[in-house]
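Asks: Sharing data14.pdb below, PDB, C-alpha atoms and all ligand atoms:
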```
ATOM      1  CA  MET A 443     163.502 140.995  66.455  1.00  0.00           C
ATOM      2  CA  LYS A 444     165.758 142.674  63.901  1.00  0.00           C
ATOM      3  CA  VAL A 445     168.065 141.354  61.200  1.00  0.00           C
ATOM      4  CA  ILE A 446     170.634 143.162  59.064  1.00  0.00           C
ATOM      5  CA  LYS A 447     171.747 142.523  55.498  1.00  0.00           C
ATOM      6  CA  GLU A 448     174.664 144.455  54.051  1.00  0.00           C
ATOM      7  CA  ILE A 449     175.149 145.523  50.433  1.00  0.00           C
ATOM      8  CA  GLN A 450     178.075 147.408  48.871  1.00  0.00           C
ATOM      9  CA  TRP A 451     178.620 149.377  45.683  1.00  0.00           C
ATOM     10  CA  ASP A 452     180.968 151.947  44.140  1.00  0.00           C
ATOM     11  CA  MET A 453     179.622 155.391  43.332  1.00  0.00           C
ATOM     12  CA  GLY A 454     180.780 158.914  42.593  1.00  0.00           C
ATOM     13  CA  HIS A 455     179.378 162.146  43.984  1.00  0.00           C
ATOM     14  CA  ARG A 456     180.295 165.625  45.128  1.00  0.00           C
ATOM     15  CA  VAL A 457     178.944 167.962  47.775  1.00  0.00           C
ATOM     16  CA  THR A 458     178.974 171.237  45.867  1.00  0.00           C
ATOM     17  CA  ASN A 459     178.703 173.633  48.829  1.00  0.00           C
ATOM     18  CA  HIS A 460     181.187 171.834  51.035  1.00  0.00           C
ATOM     19  CA  HIS A 461     183.931 174.051  52.455  1.00  0.00           C
ATOM     20  CA  SER A 462     186.644 171.465  51.875  1.00  0.00           C
ATOM     21  CA  GLN A 463     187.560 168.324  49.873  1.00  0.00           C
ATOM     22  CA  CYS A 464     184.023 167.003  49.359  1.00  0.00           C
ATOM     23  CA  ARG A 465     183.296 169.666  46.719  1.00  0.00           C
ATOM     24  CA  ASN A 466     185.617 167.773  44.327  1.00  0.00           C
ATOM     25  CA  LEU A 467     184.436 164.970  42.065  1.00  0.00           C
ATOM     26  CA  HIS A 468     185.257 161.759  43.917  1.00  0.00           C
ATOM     27  CA  GLY A 469     183.874 158.356  44.762  1.00  0.00           C
ATOM     28  CA  HIS A 470     183.374 155.917  47.615  1.00  0.00           C
ATOM     29  CA  ARG A 471     182.900 152.245  48.263  1.00  0.00           C
ATOM     30  CA  TYR A 472     179.490 152.646  49.886  1.00  0.00           C
ATOM     31  CA  LYS A 473     178.095 150.088  52.290  1.00  0.00           C
ATOM     32  CA  ALA A 474     174.458 149.974  53.493  1.00  0.00           C
ATOM     33  CA  GLU A 475     173.241 147.949  56.457  1.00  0.00           C
ATOM     34  CA  ILE A 476     169.576 147.250  55.822  1.00  0.00           C
ATOM     35  CA  CYS A 477     167.778 146.494  59.096  1.00  0.00           C
ATOM     36  CA  VAL A 478     164.394 144.767  58.961  1.00  0.00           C
ATOM     37  CA  GLU A 479     162.130 144.125  61.970  1.00  0.00           C
ATOM     38  CA  GLY A 480     159.295 141.720  62.647  1.00  0.00           C
ATOM     39  CA  ASP A 481     158.233 138.742  64.738  1.00  0.00           C
ATOM     40  CA  LEU A 482     159.749 135.359  63.964  1.00  0.00           C
ATOM     41  CA  VAL A 483     157.825 133.229  61.484  1.00  0.00           C
ATOM     42  CA  ASN A 484     156.109 130.579  63.589  1.00  0.00           C
ATOM     43  CA  ILE A 485     154.606 128.306  60.958  1.00  0.00           C
ATOM     44  CA  GLU A 486     155.857 124.747  61.119  1.00  0.00           C
ATOM     45  CA  GLY A 487     157.597 123.419  58.050  1.00  0.00           C
ATOM     46  CA  VAL A 488     157.868 126.641  56.012  1.00  0.00           C
ATOM     47  CA  SER A 489     161.249 127.722  54.680  1.00  0.00           C
ATOM     48  CA  ASN A 490     161.260 130.877  56.841  1.00  0.00           C
ATOM     49  CA  GLU A 491     160.331 129.145  60.125  1.00  0.00           C
ATOM     50  CA  GLY A 492     162.273 130.770  62.980  1.00  0.00           C
ATOM     51  CA  MET A 493     163.343 133.766  60.873  1.00  0.00           C
ATOM     52  CA  VAL A 494     162.367 137.434  60.691  1.00  0.00           C
ATOM     53  CA  ILE A 495     162.969 137.240  56.921  1.00  0.00           C
ATOM     54  CA  ASP A 496     165.171 135.192  54.630  1.00  0.00           C
ATOM     55  CA  PHE A 497     168.419 137.194  54.148  1.00  0.00           C
ATOM     56  CA  GLY A 498     168.189 136.279  50.471  1.00  0.00           C
ATOM     57  CA  ASP A 499     164.887 138.151  50.154  1.00  0.00           C
ATOM     58  CA  ILE A 500     166.457 141.383  51.474  1.00  0.00           C
ATOM     59  CA  LYS A 501     169.431 140.886  49.164  1.00  0.00           C
ATOM     60  CA  LYS A 502     167.216 140.425  46.104  1.00  0.00           C
ATOM     61  CA  ILE A 503     165.184 143.594  46.701  1.00  0.00           C
ATOM     62  CA  ALA A 504     168.245 145.677  47.649  1.00  0.00           C
ATOM     63  CA  THR A 505     170.206 144.463  44.630  1.00  0.00           C
ATOM     64  CA  GLU A 506     167.417 145.428  42.232  1.00  0.00           C
ATOM     65  CA  ARG A 507     166.359 148.720  43.816  1.00  0.00           C
ATOM     66  CA  VAL A 508     169.680 150.075  45.158  1.00  0.00           C
ATOM     67  CA  HIS A 509     172.833 148.257  44.029  1.00  0.00           C
ATOM     68  CA  ASN A 510     171.941 147.946  40.351  1.00  0.00           C
ATOM     69  CA  VAL A 511     170.672 151.526  40.183  1.00  0.00           C
ATOM     70  CA  LEU A 512     173.783 153.088  41.766  1.00  0.00           C
ATOM     71  CA  ASP A 513     176.794 150.798  41.207  1.00  0.00           C
ATOM     72  CA  HIS A 514     179.533 152.472  39.123  1.00  0.00           C
ATOM     73  CA  GLY A 515     177.249 155.449  38.620  1.00  0.00           C
ATOM     74  CA  PHE A 516     177.502 159.084  39.668  1.00  0.00           C
ATOM     75  CA  MET A 517     174.899 160.699  41.932  1.00  0.00           C
ATOM     76  CA  VAL A 518     174.180 164.299  40.937  1.00  0.00           C
ATOM     77  CA  TRP A 519     172.191 166.969  42.763  1.00  0.00           C
ATOM     78  CA  ASN A 520     169.658 168.464  40.321  1.00  0.00           C
ATOM     79  CA  LYS A 521     170.920 171.955  41.234  1.00  0.00           C
ATOM     80  CA  ASP A 522     174.522 171.077  40.308  1.00  0.00           C
ATOM     81  CA  GLU A 523     174.195 172.693  36.887  1.00  0.00           C
ATOM     82  CA  VAL A 524     177.687 171.873  35.622  1.00  0.00           C
ATOM     83  CA  LEU A 525     177.286 168.137  36.219  1.00  0.00           C
ATOM     84  CA  VAL A 526     173.660 167.950  35.099  1.00  0.00           C
ATOM     85  CA  LYS A 527     174.762 169.499  31.778  1.00  0.00           C
ATOM     86  CA  PHE A 528     177.756 167.151  31.515  1.00  0.00           C
ATOM     87  CA  PHE A 529     175.716 163.992  32.084  1.00  0.00           C
ATOM     88  CA  LYS A 530     172.915 165.067  29.758  1.00  0.00           C
ATOM     89  CA  GLU A 531     175.523 165.591  27.026  1.00  0.00           C
ATOM     90  CA  ASN A 532     177.201 162.280  27.851  1.00  0.00           C
ATOM     91  CA  ALA A 533     174.194 160.109  28.380  1.00  0.00           C
ATOM     92  CA  GLU A 534     176.174 156.884  27.912  1.00  0.00           C
ATOM     93  CA  GLN A 535     177.619 157.553  31.379  1.00  0.00           C
ATOM     94  CA  LYS A 536     175.742 156.025  34.304  1.00  0.00           C
ATOM     95  CA  TYR A 537     174.276 158.717  36.549  1.00  0.00           C
ATOM     96  CA  ILE A 538     171.324 159.370  38.787  1.00  0.00           C
ATOM     97  CA  ILE A 539     169.964 162.867  39.259  1.00  0.00           C
ATOM     98  CA  VAL A 540     168.435 163.447  42.704  1.00  0.00           C
ATOM     99  CA  PRO A 541     166.631 166.409  44.280  1.00  0.00           C
ATOM    100  CA  PHE A 542     169.039 166.596  47.241  1.00  0.00           C
ATOM    101  CA  VAL A 543     172.712 167.192  48.054  1.00  0.00           C
ATOM    102  CA  PRO A 544     174.192 163.668  47.963  1.00  0.00           C
ATOM    103  CA  THR A 545     175.397 163.492  51.564  1.00  0.00           C
ATOM    104  CA  SER A 546     175.413 160.190  53.473  1.00  0.00           C
ATOM    105  CA  GLU A 547     172.334 161.335  55.400  1.00  0.00           C
ATOM    106  CA  ASN A 548     170.310 162.072  52.262  1.00  0.00           C
ATOM    107  CA  ILE A 549     171.483 158.925  50.475  1.00  0.00           C
ATOM    108  CA  ALA A 550     170.459 156.836  53.501  1.00  0.00           C
ATOM    109  CA  ALA A 551     166.976 158.426  53.338  1.00  0.00           C
ATOM    110  CA  TRP A 552     166.789 157.782  49.581  1.00  0.00           C
ATOM    111  CA  ILE A 553     167.633 154.097  50.140  1.00  0.00           C
ATOM    112  CA  PHE A 554     165.004 153.877  52.889  1.00  0.00           C
ATOM    113  CA  LYS A 555     162.395 155.175  50.453  1.00  0.00           C
ATOM    114  CA  GLN A 556     163.582 152.866  47.657  1.00  0.00           C
ATOM    115  CA  LEU A 557     163.069 149.812  49.859  1.00  0.00           C
ATOM    116  CA  ASP A 558     160.131 150.771  52.071  1.00  0.00           C
ATOM    117  CA  GLY A 559     156.950 148.984  51.032  1.00  0.00           C
ATOM    118  CA  HIS A 560     158.875 146.455  48.928  1.00  0.00           C
ATOM    119  CA  ILE A 561     159.488 144.048  51.804  1.00  0.00           C
ATOM    120  CA  LYS A 562     156.310 142.002  51.782  1.00  0.00           C
ATOM    121  CA  ASP A 563     154.837 140.886  55.109  1.00  0.00           C
ATOM    122  CA  LYS A 564     153.732 137.528  53.709  1.00  0.00           C
ATOM    123  CA  TYR A 565     153.485 135.738  57.082  1.00  0.00           C
ATOM    124  CA  LYS A 566     151.727 138.670  58.856  1.00  0.00           C
ATOM    125  CA  THR A 567     154.543 139.059  61.400  1.00  0.00           C
ATOM    126  CA  GLY A 568     154.651 142.868  61.245  1.00  0.00           C
ATOM    127  CA  LEU A 569     157.644 142.669  58.915  1.00  0.00           C
ATOM    128  CA  ARG A 570     158.943 146.078  57.845  1.00  0.00           C
ATOM    129  CA  LEU A 571     162.049 148.098  57.158  1.00  0.00           C
ATOM    130  CA  TYR A 572     163.505 149.487  60.396  1.00  0.00           C
ATOM    131  CA  SER A 573     166.599 151.500  59.415  1.00  0.00           C
ATOM    132  CA  ILE A 574     169.324 152.100  56.876  1.00  0.00           C
ATOM    133  CA  LYS A 575     172.873 152.640  58.095  1.00  0.00           C
ATOM    134  CA  LEU A 576     174.913 154.038  55.244  1.00  0.00           C
ATOM    135  CA  TRP A 577     178.704 153.896  55.484  1.00  0.00           C
ATOM    136  CA  GLU A 578     180.434 156.432  53.243  1.00  0.00           C
ATOM    137  CA  THR A 579     183.936 155.650  54.500  1.00  0.00           C
ATOM    138  CA  PRO A 580     185.155 152.913  56.865  1.00  0.00           C
ATOM    139  CA  THR A 581     184.778 155.383  59.766  1.00  0.00           C
ATOM    140  CA  SER A 582     181.734 157.531  58.818  1.00  0.00           C
ATOM    141  CA  ALA A 583     178.095 156.503  58.633  1.00  0.00           C
ATOM    142  CA  ALA A 584     174.557 157.923  58.770  1.00  0.00           C
ATOM    143  CA  ILE A 585     171.491 156.132  60.139  1.00  0.00           C
ATOM    144  CA  CYS A 586     168.003 156.780  58.776  1.00  0.00           C
ATOM    145  CA  THR A 587     164.910 155.416  60.520  1.00  0.00           C
ATOM    146  CA  ARG A 588     161.182 155.720  59.752  1.00  0.00           C
ATOM    147  CA  LYS A 589     160.943 158.678  62.168  1.00  0.00           C
ATOM    148  CA  ASP A 590     163.571 160.551  60.142  1.00  0.00           C
ATOM    149  CA  ILE A 591     161.681 159.899  56.909  1.00  0.00           C
ATOM    150  CA  GLU A 592     158.462 161.257  58.448  1.00  0.00           C
ATOM    151  CA  LYS A 593     160.308 164.446  59.498  1.00  0.00           C
ATOM    152  CA  LEU A 594     161.883 164.863  56.061  1.00  0.00           C
ATOM    153  CA  GLU A 595     158.517 164.447  54.358  1.00  0.00           C
ATOM    154  CA  LYS A 596     156.922 167.064  56.611  1.00  0.00           C
ATOM    155  CA  ARG A 597     159.553 169.542  55.421  1.00  0.00           C
ATOM    156  CA  LEU A 598     158.679 169.008  51.743  1.00  0.00           C
TER
HETATM  157 ZN    ZN B   1     182.205 161.878  49.396  1.00  0.00          ZN
END
```
If you took the structure in this file and wrote it as structure tokens, what would it be?
Replies:
Amino acid sequence: MKVIKEIQWDMGHRVTNHHSQCRNLHGHRYKAEICVEGDLVNIEGVSNEGMVIDFGDIKKIATERVHNVLDHGFMVWNKDEVLVKFFKENAEQKYIIVPFVPTSENIAAWIFKQLDGHIKDKYKTGLRLYSIKLWETPTSAAICTRKDIEKLEKRL
């Protein structure tokens, strides 16, 4: 079965090569739906009995590894020379330099990699991350699954 936990944060970015508005400095209220799969815990009397995972466990990991890293920060492509220079000269600003154009698709893949392997299968139910659905606006989202990550890694 699958469960979903949602987290939200505010972040700036720009898509340097974009033909239109996205090349400008701007920000979004991002929302990620973190989907985790596994069998239900079937051990009588434990706190997680009848669950895939405690929602609180997903929230804790996602808060530490995604929300707190990105919230009120600016995501910068390492080839965006103007912004890399700006943030290095203004290091009190919160920023994260990444080796990809910060599109929804790439950010979804980055989140997948941040969380994958950090969801511990402590009841041996095959618990693992299934997908990340990243909403960049209320009407636009990208979905990244394990298959997508494997393809992206082959390209590197
Ligand atoms: Zn944008």
Asks: Please, what distance in Å, to one decimal, runs between CA of Lys530 in chain A and CA of Ala504 in chain A?
Replies: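 Distance reported for this atom pair: 26.8 Å.
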Asks: Convert the output of the PyMOL selection byres (((not hetatm)) within 9 of (chain B and resi 1)) on the shown file into explicit residues, formatted as a list in words.
Replies: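 This file, filtered by the PyMOL selection byres (((not hetatm)) within 9 of (chain B and resi 1)), leaves Gly454, His455, Arg456, Val457, Gln463, Cys464, Arg465, Asn466, Leu467, His468, Gly469, His470, Pro544, Thr545, Ser546, Glu578 and Thr579 of chain A.
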Asks: Would you output that residue set with C-alpha atoms, as a PDB file, in the coordinates of the input?
Replies:
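So the final result, stored in result26.pdb, reads:
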```
ATOM      1  CA  GLY A 454     180.780 158.914  42.593  1.00  0.00           C
ATOM      2  CA  HIS A 455     179.378 162.146  43.984  1.00  0.00           C
ATOM      3  CA  ARG A 456     180.295 165.625  45.128  1.00  0.00           C
ATOM      4  CA  VAL A 457     178.944 167.962  47.775  1.00  0.00           C
ATOM      5  CA  GLN A 463     187.560 168.324  49.873  1.00  0.00           C
ATOM      6  CA  CYS A 464     184.023 167.003  49.359  1.00  0.00           C
ATOM      7  CA  ARG A 465     183.296 169.666  46.719  1.00  0.00           C
ATOM      8  CA  ASN A 466     185.617 167.773  44.327  1.00  0.00           C
ATOM      9  CA  LEU A 467     184.436 164.970  42.065  1.00  0.00           C
ATOM     10  CA  HIS A 468     185.257 161.759  43.917  1.00  0.00           C
ATOM     11  CA  GLY A 469     183.874 158.356  44.762  1.00  0.00           C
ATOM     12  CA  HIS A 470     183.374 155.917  47.615  1.00  0.00           C
ATOM     13  CA  PRO A 544     174.192 163.668  47.963  1.00  0.00           C
ATOM     14  CA  THR A 545     175.397 163.492  51.564  1.00  0.00           C
ATOM     15  CA  SER A 546     175.413 160.190  53.473  1.00  0.00           C
ATOM     16  CA  GLU A 578     180.434 156.432  53.243  1.00  0.00           C
ATOM     17  CA  THR A 579     183.936 155.650  54.500  1.00  0.00           C
TER      18      THR A 579
END
```
Asks: Give me, as a tab-separated table, the closest atom pair and its distance (Å, one decimal) for every residue of range 469-575 of chain A within a cut-off of 7 Å of range 447-452 of chain A, counting only C-alpha atoms, rows sorted by chain and rising number.
Replies:
```
residue	atom	partner	partner_atom	distance
A:His470	CA	A:Asp452	CA	5.8
A:Arg471	CA	A:Asp452	CA	4.6
A:Tyr472	CA	A:Trp451	CA	5.4
A:Lys473	CA	A:Gln450	CA	4.3
A:Ala474	CA	A:Ile449	CA	5.4
A:Glu475	CA	A:Glu448	CA	4.5
A:Ile476	CA	A:Lys447	CA	5.2
A:Cys477	CA	A:Lys447	CA	6.7
A:Phe497	CA	A:Lys447	CA	6.4
A:Ile500	CA	A:Lys447	CA	6.7
A:Lys501	CA	A:Lys447	CA	6.9
A:His509	CA	A:Trp451	CA	6.1
A:Asp513	CA	A:Trp451	CA	5.0
A:His514	CA	A:Asp452	CA	5.2
```
Asks: May I have the protein, DNA and RNA residues with any atom at most 12 Å from the point (166.6, 139.6, 54.3), counting only C-alpha atoms, written as a PyMOL selection string?
Replies: chain A and resi 444-449+475-480+490+493-505+557+560-563+569-571
Asks: Between CA of Ile553 in chain A and CA of Ser462 in chain A, what is the distance in Å, rounded to a tenth?
Replies: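 These two atoms are separated by 25.8 Å.
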Asks: Decode the PyMOL selection byres (((chain A and resi 584) around 6) and not hetatm) for the given file into explicit residues and return them as a list in words.
Replies: Ser546, Glu547, Lys575, Leu576, Ala583 and Ile585 of chain A
Asks: On this structure, which residues satisfy the PyMOL selection byres (((chain A and resi 536) around 10) and not hetatm), written as a VMD selection string?
Replies: chain A and resid 453 511 to 517 529 532 to 535 537 to 538
Asks: Those same residues, written as a compact mmCIF listing (two decimals), keeping the file's coordinate frame with C-alpha atoms?
Replies:
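Output (part-v5.txt):
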```
# COMPACT_ATOMS: atom_id res chain seq x y z
CA MET A 453 179.62 155.39 43.33
CA VAL A 511 170.67 151.53 40.18
CA LEU A 512 173.78 153.09 41.77
CA ASP A 513 176.79 150.80 41.21
CA HIS A 514 179.53 152.47 39.12
CA GLY A 515 177.25 155.45 38.62
CA PHE A 516 177.50 159.08 39.67
CA MET A 517 174.90 160.70 41.93
CA PHE A 529 175.72 163.99 32.08
CA ASN A 532 177.20 162.28 27.85
CA ALA A 533 174.19 160.11 28.38
CA GLU A 534 176.17 156.88 27.91
CA GLN A 535 177.62 157.55 31.38
CA TYR A 537 174.28 158.72 36.55
CA ILE A 538 171.32 159.37 38.79
```
Asks: Would you mind reading off the distance between CA of Gln556 in chain A and CA of Lys589 in chain A, one decimal, in Å?
Replies: 15.9 Å
Asks: Between A:His460, A:Gly568, A:Asn520, A:Ile574, single out the one closest to Ile549 in chain A, counting all atoms listed in the file.
Replies: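 Once distances to Ile549 in chain A are computed over all atoms listed in the file, the minimum belongs to A:Ile574.
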Asks: Measuring atom to atom with all atoms listed in the file, identify which of A:Ser573, A:Asp522, A:Met443, A:Val508 is nearest to Asp481 in chain A.
Replies: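 Using all atoms listed in the file, Asp481 in chain A sits closest to A:Met443.
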Asks: Write out as lines of an AutoDock Vina configuration file an axis-aligned box for range 498-504 of chain A: all of its atoms listed in the file, 6 Å added on each side, centre and edge lengths in Å with one decimal.
Replies:
```
center_x = 167.2
center_y = 141.0
center_z = 48.8
size_x = 16.5
size_y = 21.4
size_z = 17.4
```
Asks: Of the residues A:Thr458, A:Glu592, A:Thr567, A:Val483, which is the one nearest to Leu525 in chain A, using only C-alpha atoms?
Replies: A:Thr458
Asks: Please, can range 476-499 of chain A be completed to N, CA and C atoms and returned as a CSV table (one decimal), in the coordinates of the input?
Replies:
```csv
chain,number,residue,atom,x,y,z
A,476,ILE,N,171.0,147.2,55.9
A,476,ILE,CA,169.6,147.2,55.8
A,476,ILE,C,169.0,146.5,57.0
A,477,CYS,N,168.3,147.2,57.9
A,477,CYS,CA,167.8,146.5,59.1
A,477,CYS,C,166.3,146.3,59.0
A,478,VAL,N,165.8,145.1,59.1
A,478,VAL,CA,164.4,144.8,59.0
A,478,VAL,C,163.9,144.2,60.3
A,479,GLU,N,162.7,144.6,60.7
A,479,GLU,CA,162.1,144.1,62.0
A,479,GLU,C,160.8,143.4,61.8
A,480,GLY,N,160.5,142.5,62.7
A,480,GLY,CA,159.3,141.7,62.6
A,480,GLY,C,159.4,140.6,63.7
A,481,ASP,N,158.2,139.9,63.9
A,481,ASP,CA,158.2,138.7,64.7
A,481,ASP,C,158.8,137.6,63.9
A,482,LEU,N,159.2,136.5,64.7
A,482,LEU,CA,159.7,135.4,64.0
A,482,LEU,C,158.6,134.6,63.3
A,483,VAL,N,158.8,134.0,62.2
A,483,VAL,CA,157.8,133.2,61.5
A,483,VAL,C,157.7,131.9,62.3
A,484,ASN,N,156.4,131.7,62.7
A,484,ASN,CA,156.1,130.6,63.6
A,484,ASN,C,155.2,129.5,62.9
A,485,ILE,N,155.4,129.3,61.7
A,485,ILE,CA,154.6,128.3,61.0
A,485,ILE,C,155.5,127.1,60.7
A,486,GLU,N,155.1,126.0,61.2
A,486,GLU,CA,155.9,124.7,61.1
A,486,GLU,C,156.1,124.3,59.7
A,487,GLY,N,157.3,124.0,59.3
A,487,GLY,CA,157.6,123.4,58.0
A,487,GLY,C,157.9,124.4,56.9
A,488,VAL,N,157.6,125.7,57.1
A,488,VAL,CA,157.9,126.6,56.0
A,488,VAL,C,159.4,127.0,56.0
A,489,SER,N,159.8,127.4,54.9
A,489,SER,CA,161.2,127.7,54.7
A,489,SER,C,161.7,128.8,55.6
A,490,ASN,N,160.9,129.8,56.0
A,490,ASN,CA,161.3,130.9,56.8
A,490,ASN,C,161.0,130.6,58.3
A,491,GLU,N,160.6,129.4,58.7
A,491,GLU,CA,160.3,129.1,60.1
A,491,GLU,C,161.5,129.6,61.0
A,492,GLY,N,161.2,130.3,62.1
A,492,GLY,CA,162.3,130.8,63.0
A,492,GLY,C,163.1,132.0,62.5
A,493,MET,N,162.6,132.6,61.4
A,493,MET,CA,163.3,133.8,60.9
A,493,MET,C,162.5,135.0,60.9
A,494,VAL,N,163.1,136.2,60.9
A,494,VAL,CA,162.4,137.4,60.7
A,494,VAL,C,162.1,137.5,59.2
A,495,ILE,N,163.1,137.3,58.4
A,495,ILE,CA,163.0,137.2,56.9
A,495,ILE,C,164.2,136.5,56.4
A,496,ASP,N,164.0,135.9,55.3
A,496,ASP,CA,165.2,135.2,54.6
A,496,ASP,C,166.1,136.3,54.2
A,497,PHE,N,167.4,136.2,54.6
A,497,PHE,CA,168.4,137.2,54.1
A,497,PHE,C,168.4,137.4,52.6
A,498,GLY,N,168.2,136.3,51.9
A,498,GLY,CA,168.2,136.3,50.5
A,498,GLY,C,167.1,137.2,49.9
A,499,ASP,N,166.0,137.3,50.6
A,499,ASP,CA,164.9,138.2,50.2
A,499,ASP,C,165.3,139.6,50.3
```
